[in-house]
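*Asks:* Below you'll find the structure I mean.
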Amino acid sequence: MNIEQKVAIVTGAASGFGKALAIALSQRGATVAALDIDPHALANLTATNQNIVAFPCDVTNHEQVDQVIAHIDDELGDISILINNAGLMRNTPLLNLLDRNERKHSISSWREVMAVNQDGVFFMARSAAEKMLDKRVKGVIINISSIAAKGNIGQTAYSASKAAVEAMSNVWAKELGRFGIRSMCIAPGFIDTSGTHDALEDKMLARWVEQTSLRRTGKINEVVAAVICAVENDFMTGTTIAVDGGLSI
Amino acid sequence: MSLLQTIFEETFKISYEEANQDLAMQDVANWDSLTHMDLISAIEDKLAIRLSSDEIADMTSFDAIKRIVNEHQ
């Protein structure tokens with residue numbers, strides 16, 4: 001797919017990967033609908049990028065998602081690219097033996113992560129795919145997964161949500177492929193972002209880096225490059241590209 | 001045989017005779033929501049027409065499909 005003049009949606013676009021992806025797509029000539037729950041951070045992004053339009057949206061609210069997708073279709077035109085990037089990471093073991101009051105993994109933390117990472121992806125995809133199908137647009141849905149989809153210690157909810165994202169992505173590739181709509185995942189490893197440093201202690205991150213073949217964390221632009229490749233290559237669908245420096249080998 | 005009947009045969013893996021009858025969705029063993037997507041994709045590709053979402057939902061029998069397709073030609 002040639003990105004130029006296409007309408008692309010990026011969720012979680014106000015910071016991190018999402019922001020970098022929105023900027024990269026706009027630099028390649030796409031009109032980008034930037035979705036985020038934080039309207040102020042979105043305003044900062046759109047103030048300096050003419051081809052990026054802010055759509056504040058809580059992806060866990062399916063009615064809001066349907067409305068925003070309809071607005072994007074009306075205001076920007078046919079949707080060709082959906083990047084499901086919005087996500088939450090929580091580090092919580094199934095049993096925290098140090099916590100006398102709440103040893104078991106909290107239900108609220110489980111639901112919070114699943115609502116954004118799993119439900120949000122599902123809500124966005126079903127609504128955007130309907131528009132693609134109605135307009136017979138041979139679009140692409142890219143879901144940001146993680147190496148955690150295989151099961152990261154201390155991340156029950158996050159790992160489960162990313163495994164669900166990879167499974168849904170494969171289902172959609174099978175279902176929608178006959179209409180030329182593609183669906184696939186990008187699974188980053190440990191990338192040098194504020195989110196990674198917030199989520200992991202330095203010692204823990206150093207241990208992960210030791211297990212990475214390339215002995216370093218990844219860079220945001222390396223993940224962006226994989227997403228752009230997935231968007232542009234029309235024969236890639238139903239697969240997951242690991243961008244993890246060899247950690248998952 | 002019409003192109004539509006060939007599409008019915010190939011999509012639903014049914015015989016020439018069955019494809020010539022007016023079968024409805026419930027009469028064809030593997031006509032479900034997924035093979036319906038194959039059916040629509042094949043009709044649009046091979047007959048070079050574009051069906052509306054209402055037409056797609058109304059295509060629940062061979063006769064209904066023939067009638068809707070005829071309206072496009």
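Starting from 1 in every chain, residues are counted up; chains themselves are A, B, ... following the order of the structure tokens, and ligands are numbered from 1 as listed.
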Give me, as a ChimeraX atom specification, the contact residues of chain B against chain A at a cut-off of 10 Å, counting only C-alpha atoms.
*Replies:* /B:34-35,37-42,44-45,50-53
*Asks:* Using DSSP secondary structure from the backbone, list all strand (DSSP E) positions within region 39-174 of chain A, as a VMD selection string.
*Replies:* chain A and resid 52 to 56 79 to 84 140 to 144
*Asks:* Leaving out Thr48 (chain A) and any residue of its chain fewer than 4 positions from it, which residues lie within 12 Å of it when counting only C-alpha atoms, given as a list in words?
*Replies:*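 After dropping sequence-adjacent residues, the list is Lys19, Ala22, Ile23, Ser26, Ala41, Leu42, Ala43, Asn44, Ile52, Val53 and Ala54 of chain A.
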*Asks:* Extract, using only C-alpha atoms, all DNA, RNA and protein residues at most 10 Å from Met168 (chain A), discarding same-chain residues fewer than 4 positions from it, and format them as a PyMOL selection string.
*Replies:* chain A and resi 118+121-122+125+143+162-164+172-174+183-185+238
*Asks:* At a cut-off of 10 Å, can you tabulate as CSV every residue of region 113-193 of chain A near region 197-212 of chain A together with its closest atom pair and the distance in Å to one decimal, using only C-alpha atoms and ordering rows by chain then number?
*Replies:*
```
residue,atom,partner,partner_atom,distance
A:Gly189,CA,A:Thr212,CA,9.0
A:Phe190,CA,A:Trp208,CA,7.8
A:Ile191,CA,A:His197,CA,9.2
A:Asp192,CA,A:His197,CA,7.6
A:Thr193,CA,A:His197,CA,6.5
```
